[in-house]
>>> print(open('final.tsv').read())   # TSV, N, CA and C atoms
chain	number	residue	atom	x	y	z
A	1	MET	N	0.83	-1.17	0.00
A	1	MET	CA	0.00	0.00	0.00
A	1	MET	C	0.88	1.24	0.00
A	2	LEU	N	0.39	2.24	-0.68
A	2	LEU	CA	1.10	3.51	-0.71
A	2	LEU	C	0.26	4.60	-0.07
A	3	MET	N	0.90	5.43	0.69
A	3	MET	CA	0.25	6.62	1.20
A	3	MET	C	0.27	7.64	0.07
A	4	ASN	N	-0.64	8.62	0.12
A	4	ASN	CA	-0.68	9.66	-0.91
A	4	ASN	C	0.68	10.35	-1.05
A	5	CYS	N	1.36	10.57	0.08
A	5	CYS	CA	2.65	11.27	0.03
A	5	CYS	C	3.69	10.44	-0.73
A	6	GLU	N	3.63	9.10	-0.59
A	6	GLU	CA	4.56	8.23	-1.32
A	6	GLU	C	4.23	8.24	-2.82
A	7	ALA	N	2.94	8.14	-3.12
A	7	ALA	CA	2.52	8.16	-4.53
A	7	ALA	C	2.91	9.49	-5.19
A	8	ALA	N	2.73	10.58	-4.46
A	8	ALA	CA	3.06	11.90	-5.01
A	8	ALA	C	4.55	11.98	-5.35
A	9	GLU	N	5.40	11.46	-4.47
A	9	GLU	CA	6.84	11.50	-4.75
A	9	GLU	C	7.21	10.63	-5.95
A	10	LEU	N	6.63	9.44	-6.04
A	10	LEU	CA	6.92	8.55	-7.18
A	10	LEU	C	6.44	9.16	-8.49
A	11	LEU	N	5.22	9.67	-8.49
A	11	LEU	CA	4.68	10.27	-9.71
A	11	LEU	C	5.42	11.56	-10.08
A	12	GLN	N	5.90	12.28	-9.08
A	12	GLN	CA	6.69	13.49	-9.36
A	12	GLN	C	7.98	13.11	-10.10
A	13	GLU	N	8.62	12.03	-9.68
A	13	GLU	CA	9.83	11.57	-10.37
A	13	GLU	C	9.54	11.22	-11.82
A	14	ILE	N	8.45	10.52	-12.04
A	14	ILE	CA	8.07	10.16	-13.42
A	14	ILE	C	7.77	11.42	-14.21
A	15	HIS	N	7.03	12.34	-13.59
A	15	HIS	CA	6.68	13.60	-14.27
A	15	HIS	C	7.92	14.37	-14.70
A	16	GLU	N	8.94	14.36	-13.86
A	16	GLU	CA	10.18	15.07	-14.18
A	16	GLU	C	10.90	14.45	-15.37
A	17	HIS	N	10.63	13.17	-15.64
A	17	HIS	CA	11.26	12.48	-16.77
A	17	HIS	C	10.34	12.35	-17.98
A	18	MET	N	9.20	13.01	-17.94
A	18	MET	CA	8.20	12.87	-19.00
A	18	MET	C	8.74	13.28	-20.37
A	19	ALA	N	9.52	14.34	-20.44
A	19	ALA	CA	10.04	14.79	-21.74
A	19	ALA	C	10.89	13.70	-22.38
A	20	ILE	N	11.73	13.08	-21.59
A	20	ILE	CA	12.59	12.01	-22.10
A	20	ILE	C	11.75	10.79	-22.45
A	21	LEU	N	10.81	10.44	-21.57
A	21	LEU	CA	9.97	9.26	-21.79
A	21	LEU	C	9.09	9.42	-23.02
A	22	SER	N	8.60	10.63	-23.27
A	22	SER	CA	7.69	10.84	-24.41
A	22	SER	C	8.40	10.72	-25.75
A	23	GLU	N	9.72	10.81	-25.75
A	23	GLU	CA	10.49	10.66	-26.99
A	23	GLU	C	10.59	9.20	-27.43
A	24	ASP	N	10.41	8.28	-26.52
A	24	ASP	CA	10.49	6.85	-26.83
A	24	ASP	C	9.12	6.35	-27.27
A	25	PRO	N	9.00	5.93	-28.55
A	25	PRO	CA	7.69	5.49	-29.04
A	25	PRO	C	7.18	4.21	-28.36
A	26	LYS	N	8.06	3.47	-27.71
A	26	LYS	CA	7.64	2.25	-27.01
A	26	LYS	C	6.92	2.55	-25.70
A	27	ILE	N	7.14	3.74	-25.17
A	27	ILE	CA	6.56	4.10	-23.88
A	27	ILE	C	5.33	4.97	-24.12
A	28	LYS	N	4.21	4.49	-23.65
A	28	LYS	CA	2.95	5.23	-23.75
A	28	LYS	C	2.51	5.62	-22.34
A	29	ILE	N	2.46	6.89	-22.09
A	29	ILE	CA	2.00	7.39	-20.80
A	29	ILE	C	0.47	7.48	-20.88
A	30	PRO	N	-0.24	6.78	-20.02
A	30	PRO	CA	-1.71	6.82	-20.09
A	30	PRO	C	-2.25	8.21	-19.77
A	31	GLU	N	-3.41	8.50	-20.35
A	31	GLU	CA	-4.04	9.80	-20.10
A	31	GLU	C	-4.36	9.98	-18.62
A	32	SER	N	-4.59	8.88	-17.93
A	32	SER	CA	-4.95	8.95	-16.52
A	32	SER	C	-3.77	9.36	-15.63
A	33	PHE	N	-2.56	9.38	-16.19
A	33	PHE	CA	-1.38	9.74	-15.38
A	33	PHE	C	-1.56	11.11	-14.75
A	34	ASP	N	-1.96	12.09	-15.56
A	34	ASP	CA	-2.10	13.46	-15.04
A	34	ASP	C	-3.13	13.54	-13.92
A	35	LYS	N	-4.23	12.79	-14.07
A	35	LYS	CA	-5.26	12.79	-13.02
A	35	LYS	C	-4.72	12.16	-11.74
A	36	ALA	N	-4.02	11.05	-11.87
A	36	ALA	CA	-3.46	10.37	-10.70
A	36	ALA	C	-2.41	11.26	-10.03
A	37	PHE	N	-1.59	11.91	-10.85
A	37	PHE	CA	-0.56	12.80	-10.33
A	37	PHE	C	-1.20	13.96	-9.56
A	38	GLN	N	-2.23	14.56	-10.12
A	38	GLN	CA	-2.90	15.68	-9.46
A	38	GLN	C	-3.58	15.22	-8.18
A	39	TYR	N	-4.23	14.05	-8.23
A	39	TYR	CA	-4.90	13.51	-7.04
A	39	TYR	C	-3.90	13.28	-5.92
A	40	SER	N	-2.77	12.70	-6.25
A	40	SER	CA	-1.77	12.42	-5.21
A	40	SER	C	-1.20	13.71	-4.63
A	41	LYS	N	-1.03	14.71	-5.46
A	41	LYS	CA	-0.53	16.00	-4.96
A	41	LYS	C	-1.57	16.67	-4.07
A	42	ASP	N	-2.83	16.63	-4.50
A	42	ASP	CA	-3.90	17.26	-3.72
A	42	ASP	C	-4.11	16.55	-2.39
A	43	GLY	N	-3.94	15.23	-2.38
A	43	GLY	CA	-4.17	14.45	-1.18
A	43	GLY	C	-2.96	14.34	-0.26
A	44	ASN	N	-1.86	14.92	-0.68
A	44	ASN	CA	-0.64	14.85	0.13
A	44	ASN	C	-0.61	16.02	1.10
A	45	HIS	N	-0.65	15.71	2.38
A	45	HIS	CA	-0.67	16.75	3.42
A	45	HIS	C	0.72	17.06	3.98
A	46	PHE	N	1.74	16.32	3.55
A	46	PHE	CA	3.01	16.38	4.25
A	46	PHE	C	4.17	16.79	3.35
A	47	THR	N	5.27	17.18	4.00
A	47	THR	CA	6.43	17.67	3.27
A	47	THR	C	7.18	16.55	2.56
A	48	THR	N	7.43	15.43	3.23
A	48	THR	CA	8.12	14.31	2.58
A	48	THR	C	7.57	12.97	3.10
A	49	ALA	N	7.61	11.97	2.25
A	49	ALA	CA	7.16	10.63	2.63
A	49	ALA	C	8.05	10.05	3.72
A	50	SER	N	9.33	10.33	3.66
A	50	SER	CA	10.24	9.78	4.67
A	50	SER	C	9.93	10.33	6.06
A	51	SER	N	9.54	11.59	6.13
A	51	SER	CA	9.18	12.16	7.44
A	51	SER	C	7.89	11.54	7.97
A	52	VAL	N	6.97	11.20	7.07
A	52	VAL	CA	5.73	10.54	7.49
A	52	VAL	C	6.03	9.14	8.00
A	53	LYS	N	6.87	8.41	7.29
A	53	LYS	CA	7.23	7.05	7.71
A	53	LYS	C	7.85	7.07	9.10
A	54	GLN	N	8.69	8.05	9.35
A	54	GLN	CA	9.33	8.17	10.67
A	54	GLN	C	8.27	8.52	11.73
A	55	ALA	N	7.35	9.38	11.38
A	55	ALA	CA	6.33	9.82	12.34
A	55	ALA	C	5.36	8.69	12.71
A	56	ILE	N	5.07	7.80	11.78
A	56	ILE	CA	4.08	6.74	12.04
A	56	ILE	C	4.69	5.48	12.66
A	57	GLU	N	5.98	5.47	12.83
A	57	GLU	CA	6.66	4.28	13.37
A	57	GLU	C	6.05	3.77	14.68
A	58	PRO	N	5.66	4.65	15.61
A	58	PRO	CA	5.06	4.13	16.85
A	58	PRO	C	3.81	3.28	16.62
A	59	LEU	N	3.04	3.59	15.58
A	59	LEU	CA	1.85	2.80	15.29
A	59	LEU	C	2.22	1.42	14.77
A	60	LYS	N	3.26	1.35	13.96
A	60	LYS	CA	3.72	0.05	13.46
A	60	LYS	C	4.15	-0.85	14.62
A	61	LYS	N	4.84	-0.25	15.58
A	61	LYS	CA	5.30	-1.01	16.75
A	61	LYS	C	4.13	-1.52	17.59
A	62	CYS	N	2.98	-0.86	17.50
A	62	CYS	CA	1.78	-1.29	18.25
A	62	CYS	C	0.96	-2.31	17.47
A	63	GLY	N	1.39	-2.64	16.27
A	63	GLY	CA	0.67	-3.63	15.48
A	63	GLY	C	-0.46	-3.07	14.62
A	64	VAL	N	-0.51	-1.76	14.45
A	64	VAL	CA	-1.51	-1.16	13.57
A	64	VAL	C	-1.17	-1.57	12.14
A	65	SER	N	-2.18	-1.98	11.38
A	65	SER	CA	-1.94	-2.50	10.03
A	65	SER	C	-1.52	-1.39	9.06
A	66	ASP	N	-0.89	-1.81	7.96
A	66	ASP	CA	-0.47	-0.85	6.93
A	66	ASP	C	-1.68	-0.10	6.37
A	67	GLY	N	-2.79	-0.80	6.19
A	67	GLY	CA	-4.01	-0.16	5.68
A	67	GLY	C	-4.52	0.91	6.61
A	68	GLU	N	-4.52	0.62	7.90
A	68	GLU	CA	-4.97	1.60	8.90
A	68	GLU	C	-4.03	2.79	8.94
A	69	ILE	N	-2.74	2.52	8.84
A	69	ILE	CA	-1.75	3.61	8.84
A	69	ILE	C	-1.93	4.48	7.60
A	70	CYS	N	-2.15	3.86	6.45
A	70	CYS	CA	-2.39	4.63	5.22
A	70	CYS	C	-3.61	5.53	5.36
A	71	MET	N	-4.67	4.99	5.97
A	71	MET	CA	-5.87	5.80	6.15
A	71	MET	C	-5.59	7.01	7.03
A	72	ILE	N	-4.85	6.81	8.09
A	72	ILE	CA	-4.51	7.93	8.99
A	72	ILE	C	-3.67	8.97	8.25
A	73	ALA	N	-2.65	8.52	7.53
A	73	ALA	CA	-1.77	9.46	6.81
A	73	ALA	C	-2.51	10.17	5.68
A	74	ASN	N	-3.38	9.45	4.98
A	74	ASN	CA	-4.08	10.05	3.84
A	74	ASN	C	-5.19	11.01	4.26
A	75	ILE	N	-5.87	10.68	5.34
A	75	ILE	CA	-6.98	11.53	5.79
A	75	ILE	C	-6.46	12.72	6.58
A	76	GLY	N	-5.43	12.49	7.37
A	76	GLY	CA	-4.83	13.58	8.15
A	76	GLY	C	-5.71	14.06	9.30
A	77	PRO	N	-6.22	13.14	10.12
A	77	PRO	CA	-7.04	13.58	11.26
A	77	PRO	C	-6.23	14.44	12.22
A	78	GLU	N	-6.93	15.31	12.92
A	78	GLU	CA	-6.25	16.23	13.84
A	78	GLU	C	-6.40	15.83	15.29
A	79	THR	N	-7.39	14.99	15.59
A	79	THR	CA	-7.61	14.59	16.98
A	79	THR	C	-7.67	13.07	17.10
A	80	VAL	N	-7.47	12.59	18.31
A	80	VAL	CA	-7.56	11.16	18.58
A	80	VAL	C	-8.97	10.66	18.28
A	81	GLU	N	-9.97	11.45	18.63
A	81	GLU	CA	-11.36	11.07	18.37
A	81	GLU	C	-11.62	10.91	16.87
A	82	GLU	N	-11.04	11.79	16.05
A	82	GLU	CA	-11.17	11.66	14.60
A	82	GLU	C	-10.56	10.35	14.11
A	83	VAL	N	-9.42	9.98	14.67
A	83	VAL	CA	-8.77	8.73	14.28
A	83	VAL	C	-9.72	7.56	14.50
A	84	TYR	N	-10.32	7.48	15.68
A	84	TYR	CA	-11.20	6.35	15.98
A	84	TYR	C	-12.50	6.42	15.19
A	85	ALA	N	-12.96	7.61	14.86
A	85	ALA	CA	-14.17	7.74	14.04
A	85	ALA	C	-13.90	7.31	12.60
A	86	LEU	N	-12.73	7.65	12.08
A	86	LEU	CA	-12.40	7.36	10.69
A	86	LEU	C	-11.82	5.96	10.49
A	87	VAL	N	-11.22	5.40	11.55
A	87	VAL	CA	-10.64	4.05	11.49
A	87	VAL	C	-11.19	3.27	12.69
A	88	PRO	N	-12.47	2.87	12.61
A	88	PRO	CA	-13.11	2.22	13.76
A	88	PRO	C	-12.45	0.92	14.20
A	89	SER	N	-11.71	0.27	13.31
A	89	SER	CA	-11.05	-0.99	13.68
A	89	SER	C	-10.02	-0.79	14.79
A	90	LEU	N	-9.59	0.43	15.01
A	90	LEU	CA	-8.60	0.71	16.05
A	90	LEU	C	-9.21	0.78	17.45
A	91	LYS	N	-10.53	0.90	17.52
A	91	LYS	CA	-11.20	1.04	18.82
A	91	LYS	C	-10.96	-0.17	19.73
A	92	ALA	N	-10.83	-1.35	19.14
A	92	ALA	CA	-10.66	-2.57	19.95
A	92	ALA	C	-9.39	-2.51	20.80
A	93	ASN	N	-8.35	-1.83	20.31
A	93	ASN	CA	-7.07	-1.73	21.04
A	93	ASN	C	-6.83	-0.33	21.59
A	94	ARG	N	-7.88	0.42	21.74
A	94	ARG	CA	-7.75	1.83	22.12
A	94	ARG	C	-6.85	2.05	23.33
A	95	SER	N	-7.05	1.30	24.38
A	95	SER	CA	-6.28	1.52	25.61
A	95	SER	C	-4.79	1.24	25.40
A	96	ALA	N	-4.48	0.30	24.53
A	96	ALA	CA	-3.08	-0.07	24.29
A	96	ALA	C	-2.36	0.89	23.34
A	97	ILE	N	-3.12	1.55	22.43
A	97	ILE	CA	-2.46	2.36	21.40
A	97	ILE	C	-2.71	3.86	21.53
A	98	GLU	N	-3.54	4.27	22.47
A	98	GLU	CA	-3.91	5.68	22.57
A	98	GLU	C	-2.70	6.61	22.70
A	99	GLY	N	-1.72	6.24	23.50
A	99	GLY	CA	-0.52	7.07	23.64
A	99	GLY	C	0.23	7.20	22.33
A	100	SER	N	0.34	6.10	21.61
A	100	SER	CA	1.04	6.12	20.31
A	100	SER	C	0.26	6.93	19.28
A	101	VAL	N	-1.06	6.84	19.30
A	101	VAL	CA	-1.88	7.63	18.37
A	101	VAL	C	-1.66	9.12	18.63
A	102	THR	N	-1.67	9.50	19.88
A	102	THR	CA	-1.44	10.91	20.24
A	102	THR	C	-0.05	11.36	19.78
A	103	GLU	N	0.95	10.52	20.02
A	103	GLU	CA	2.32	10.83	19.62
A	103	GLU	C	2.42	11.00	18.10
A	104	VAL	N	1.78	10.11	17.36
A	104	VAL	CA	1.83	10.17	15.90
A	104	VAL	C	1.11	11.41	15.38
A	105	LEU	N	-0.05	11.73	15.94
A	105	LEU	CA	-0.77	12.92	15.50
A	105	LEU	C	0.04	14.18	15.72
A	106	THR	N	0.74	14.26	16.85
A	106	THR	CA	1.60	15.40	17.13
A	106	THR	C	2.73	15.48	16.11
A	107	ALA	N	3.36	14.35	15.84
A	107	ALA	CA	4.46	14.31	14.87
A	107	ALA	C	3.97	14.69	13.47
A	108	LEU	N	2.81	14.17	13.07
A	108	LEU	CA	2.26	14.49	11.74
A	108	LEU	C	1.89	15.96	11.64
A	109	ALA	N	1.36	16.53	12.71
A	109	ALA	CA	1.01	17.97	12.70
A	109	ALA	C	2.26	18.83	12.48
A	110	ASN	N	3.38	18.36	13.01
A	110	ASN	CA	4.63	19.12	12.88
A	110	ASN	C	5.23	19.07	11.48
A	111	ILE	N	4.81	18.08	10.67
A	111	ILE	CA	5.39	17.96	9.32
A	111	ILE	C	4.38	18.24	8.21
A	112	LYS	N	3.22	18.78	8.59
A	112	LYS	CA	2.21	19.10	7.57
A	112	LYS	C	2.75	20.21	6.67
A	113	ALA	N	2.49	20.04	5.38
A	113	ALA	CA	2.91	21.03	4.40
A	113	ALA	C	1.90	22.18	4.40
A	114	ALA	N	2.38	23.39	4.18
A	114	ALA	CA	1.48	24.53	4.06
A	114	ALA	C	0.76	24.43	2.73
A	115	LYS	N	-0.54	24.66	2.74
A	115	LYS	CA	-1.33	24.59	1.49
A	115	LYS	C	-1.69	25.98	1.03
>>> encode(input="final.tsv", output="structure tokens")
Amino acid sequence: MLMNCEAAELLQEIHEHMAILSEDPKIKIPESFDKAFQYSKDGNHFTTASSVKQAIEPLKKCGVSDGEICMIANIGPETVEEVYALVPSLKANRSAIEGSVTEVLTALANIKAAK
């Protein structure tokens, strides 16, 4: 699974090489590329994917799934209550992960990109 911030970085790299890629008749860039690129940029709330990966590490250590982590990073909730409302599967382990959720939200807030 990719978070929006990871997809944005990968598609940005491809976009930067588009002029070279378009010269090769064997390579066909689908029309949907631009839409996917724009979607990933619009949905990216953070400065770099590596900073997000570092910020979410406490959740991985608590056993939160990659899918749940992607949802948190992609949605960008601001409060612990929003996390549990948007990712209800986390409620079952709330007492065990609440401290890590708070820590991650604080770290993510510190690396949010200005829009």
>>> residues_around(input="final.tsv", residues="Val80 of chain A", least_positions_apart="3", cutoff="8 Å", atoms="only N, CA and C atoms", output="list in words")
Pro77, Val83, Tyr84, Ala85, Leu86, Glu98, Val101, Thr102 and Leu105 of chain A
>>> closest_residue(input="final.tsv", among="A:Ala36, A:Ala49, A:Val64, A:Ile27", to="Glu6 of chain A", atoms="all atoms listed in the file")
A:Ala49
>>> atom_distance(input="final.tsv", atom1="atom C of Ser51 of chain A", atom2="atom CA of Leu108 of chain A")
7.4 Å
>>> atom_distance(input="final.tsv", atom1="atom CA of Thr47 of chain A", atom2="atom CA of Phe33 of chain A")
21.7 Å
>>> atom_distance(input="final.tsv", atom1="atom N of Asn44 of chain A", atom2="atom N of Glu78 of chain A")
14.5 Å
>>> axis_aligned_box(input="final.tsv", around="segment 27-46 of chain A", padding_each_side="8 Å", output="AutoDock Vina command-line options")
--center_x 0.9 --center_y 10.5 --center_z -10.5 --size_x 28.4 --size_y 29.5 --size_z 45.4
>>> closest_residue(input="final.tsv", among="A:Val87, A:Cys70, A:Ala92, A:Val52", to="Val104 of chain A", atoms="only C-alpha atoms")
A:Val52
>>> select_by_dssp(input="final.tsv", residues="chain A", states="helix (DSSP H, G or I)", output="JSON, numbers by chain")
{"A": [4, 5, 6, 7, 8, 9, 10, 11, 12, 13, 14, 15, 16, 18, 19, 20, 21, 22, 23, 32, 33, 34, 35, 36, 37, 38, 39, 40, 41, 42, 49, 50, 51, 52, 53, 54, 55, 56, 57, 58, 59, 60, 61, 66, 67, 68, 69, 70, 71, 72, 73, 74, 75, 80, 81, 82, 83, 84, 85, 86, 88, 89, 90, 91, 92, 93, 94, 95, 96, 97, 98, 99, 100, 101, 102, 103, 104, 105, 106, 107, 108, 109, 110]}
>>> residues_around(input="final.tsv", residues="segment 8-21 of chain A", least_positions_apart="3", cutoff="12 Å", atoms="only C-alpha atoms", output="number ranges by chain")
A: 2-5, 24-30, 32-50, 74
>>> write_last_selection(input="final.tsv", atoms="N, CA and C atoms", output="CSV table (one decimal), in the frame of the given file")
chain,number,residue,atom,x,y,z
A,2,LEU,N,0.4,2.2,-0.7
A,2,LEU,CA,1.1,3.5,-0.7
A,2,LEU,C,0.3,4.6,-0.1
A,3,MET,N,0.9,5.4,0.7
A,3,MET,CA,0.2,6.6,1.2
A,3,MET,C,0.3,7.6,0.1
A,4,ASN,N,-0.6,8.6,0.1
A,4,ASN,CA,-0.7,9.7,-0.9
A,4,ASN,C,0.7,10.4,-1.0
A,5,CYS,N,1.4,10.6,0.1
A,5,CYS,CA,2.6,11.3,0.0
A,5,CYS,C,3.7,10.4,-0.7
A,24,ASP,N,10.4,8.3,-26.5
A,24,ASP,CA,10.5,6.8,-26.8
A,24,ASP,C,9.1,6.4,-27.3
A,25,PRO,N,9.0,5.9,-28.6
A,25,PRO,CA,7.7,5.5,-29.0
A,25,PRO,C,7.2,4.2,-28.4
A,26,LYS,N,8.1,3.5,-27.7
A,26,LYS,CA,7.6,2.2,-27.0
A,26,LYS,C,6.9,2.6,-25.7
A,27,ILE,N,7.1,3.7,-25.2
A,27,ILE,CA,6.6,4.1,-23.9
A,27,ILE,C,5.3,5.0,-24.1
A,28,LYS,N,4.2,4.5,-23.6
A,28,LYS,CA,3.0,5.2,-23.8
A,28,LYS,C,2.5,5.6,-22.3
A,29,ILE,N,2.5,6.9,-22.1
A,29,ILE,CA,2.0,7.4,-20.8
A,29,ILE,C,0.5,7.5,-20.9
A,30,PRO,N,-0.2,6.8,-20.0
A,30,PRO,CA,-1.7,6.8,-20.1
A,30,PRO,C,-2.2,8.2,-19.8
A,32,SER,N,-4.6,8.9,-17.9
A,32,SER,CA,-5.0,9.0,-16.5
A,32,SER,C,-3.8,9.4,-15.6
A,33,PHE,N,-2.6,9.4,-16.2
A,33,PHE,CA,-1.4,9.7,-15.4
A,33,PHE,C,-1.6,11.1,-14.8
A,34,ASP,N,-2.0,12.1,-15.6
A,34,ASP,CA,-2.1,13.5,-15.0
A,34,ASP,C,-3.1,13.5,-13.9
A,35,LYS,N,-4.2,12.8,-14.1
A,35,LYS,CA,-5.3,12.8,-13.0
A,35,LYS,C,-4.7,12.2,-11.7
A,36,ALA,N,-4.0,11.0,-11.9
A,36,ALA,CA,-3.5,10.4,-10.7
A,36,ALA,C,-2.4,11.3,-10.0
A,37,PHE,N,-1.6,11.9,-10.8
A,37,PHE,CA,-0.6,12.8,-10.3
A,37,PHE,C,-1.2,14.0,-9.6
A,38,GLN,N,-2.2,14.6,-10.1
A,38,GLN,CA,-2.9,15.7,-9.5
A,38,GLN,C,-3.6,15.2,-8.2
A,39,TYR,N,-4.2,14.0,-8.2
A,39,TYR,CA,-4.9,13.5,-7.0
A,39,TYR,C,-3.9,13.3,-5.9
A,40,SER,N,-2.8,12.7,-6.2
A,40,SER,CA,-1.8,12.4,-5.2
A,40,SER,C,-1.2,13.7,-4.6
A,41,LYS,N,-1.0,14.7,-5.5
A,41,LYS,CA,-0.5,16.0,-5.0
A,41,LYS,C,-1.6,16.7,-4.1
A,42,ASP,N,-2.8,16.6,-4.5
A,42,ASP,CA,-3.9,17.3,-3.7
A,42,ASP,C,-4.1,16.6,-2.4
A,43,GLY,N,-3.9,15.2,-2.4
A,43,GLY,CA,-4.2,14.4,-1.2
A,43,GLY,C,-3.0,14.3,-0.3
A,44,ASN,N,-1.9,14.9,-0.7
A,44,ASN,CA,-0.6,14.8,0.1
A,44,ASN,C,-0.6,16.0,1.1
A,45,HIS,N,-0.6,15.7,2.4
A,45,HIS,CA,-0.7,16.8,3.4
A,45,HIS,C,0.7,17.1,4.0
A,46,PHE,N,1.7,16.3,3.6
A,46,PHE,CA,3.0,16.4,4.2
A,46,PHE,C,4.2,16.8,3.4
A,47,THR,N,5.3,17.2,4.0
A,47,THR,CA,6.4,17.7,3.3
A,47,THR,C,7.2,16.6,2.6
A,48,THR,N,7.4,15.4,3.2
A,48,THR,CA,8.1,14.3,2.6
A,48,THR,C,7.6,13.0,3.1
A,49,ALA,N,7.6,12.0,2.2
A,49,ALA,CA,7.2,10.6,2.6
A,49,ALA,C,8.0,10.0,3.7
A,50,SER,N,9.3,10.3,3.7
A,50,SER,CA,10.2,9.8,4.7
A,50,SER,C,9.9,10.3,6.1
A,74,ASN,N,-3.4,9.4,5.0
A,74,ASN,CA,-4.1,10.0,3.8
A,74,ASN,C,-5.2,11.0,4.3
>>> closest_residue(input="final.tsv", among="A:Glu81, A:Ala107, A:Lys53, A:Gly99", to="Ile69 of chain A", atoms="only C-alpha atoms")
A:Lys53
>>> closest_residue(input="final.tsv", among="A:Leu90, A:Ile111, A:Ile97, A:Ile75", to="Cys62 of chain A", atoms="only C-alpha atoms")
A:Ile97
>>> decode(input="final.tsv", residues="segment 103-109 of chain A", atoms="all heavy atoms", output="mmCIF file, in the first residue's frame")
data_model
loop_
_atom_site.group_PDB
_atom_site.id
_atom_site.type_symbol
_atom_site.label_atom_id
_atom_site.label_comp_id
_atom_site.auth_asym_id
_atom_site.auth_seq_id
_atom_site.Cartn_x
_atom_site.Cartn_y
_atom_site.Cartn_z
ATOM 1 N N GLU A 103 0.947 10.520 20.019
ATOM 2 C CA GLU A 103 2.324 10.828 19.617
ATOM 3 C C GLU A 103 2.424 11.002 18.101
ATOM 4 O O GLU A 103 3.058 11.943 17.606
ATOM 5 C CB GLU A 103 3.235 9.686 20.083
ATOM 6 C CG GLU A 103 4.692 9.842 19.716
ATOM 7 C CD GLU A 103 5.518 8.617 20.128
ATOM 8 O OE1 GLU A 103 5.050 7.788 20.930
ATOM 9 O OE2 GLU A 103 6.640 8.512 19.614
ATOM 10 N N VAL A 104 1.782 10.109 17.361
ATOM 11 C CA VAL A 104 1.826 10.168 15.898
ATOM 12 C C VAL A 104 1.108 11.412 15.382
ATOM 13 O O VAL A 104 1.607 12.098 14.476
ATOM 14 C CB VAL A 104 1.230 8.878 15.285
ATOM 15 C CG1 VAL A 104 0.943 9.045 13.806
ATOM 16 C CG2 VAL A 104 2.181 7.711 15.519
ATOM 17 N N LEU A 105 -0.046 11.729 15.941
ATOM 18 C CA LEU A 105 -0.773 12.923 15.496
ATOM 19 C C LEU A 105 0.042 14.183 15.721
ATOM 20 O O LEU A 105 0.061 15.086 14.878
ATOM 21 C CB LEU A 105 -2.125 13.029 16.202
ATOM 22 C CG LEU A 105 -3.183 12.007 15.797
ATOM 23 C CD1 LEU A 105 -4.465 12.222 16.593
ATOM 24 C CD2 LEU A 105 -3.455 12.040 14.309
ATOM 25 N N THR A 106 0.736 14.260 16.848
ATOM 26 C CA THR A 106 1.596 15.405 17.132
ATOM 27 C C THR A 106 2.733 15.483 16.115
ATOM 28 O O THR A 106 3.013 16.556 15.556
ATOM 29 C CB THR A 106 2.166 15.318 18.559
ATOM 30 O OG1 THR A 106 1.076 15.293 19.482
ATOM 31 C CG2 THR A 106 3.082 16.494 18.868
ATOM 32 N N ALA A 107 3.361 14.346 15.842
ATOM 33 C CA ALA A 107 4.458 14.315 14.866
ATOM 34 C C ALA A 107 3.971 14.686 13.474
ATOM 35 O O ALA A 107 4.630 15.456 12.755
ATOM 36 C CB ALA A 107 5.108 12.927 14.859
ATOM 37 N N LEU A 108 2.807 14.173 13.072
ATOM 38 C CA LEU A 108 2.261 14.488 11.743
ATOM 39 C C LEU A 108 1.895 15.964 11.639
ATOM 40 O O LEU A 108 2.116 16.580 10.591
ATOM 41 C CB LEU A 108 1.055 13.611 11.433
ATOM 42 C CG LEU A 108 1.342 12.120 11.206
ATOM 43 C CD1 LEU A 108 0.038 11.345 11.023
ATOM 44 C CD2 LEU A 108 2.262 11.901 10.016
ATOM 45 N N ALA A 109 1.360 16.530 12.705
ATOM 46 C CA ALA A 109 1.006 17.965 12.697
ATOM 47 C C ALA A 109 2.258 18.825 12.477
ATOM 48 O O ALA A 109 2.194 19.857 11.818
ATOM 49 C CB ALA A 109 0.319 18.351 14.000
#
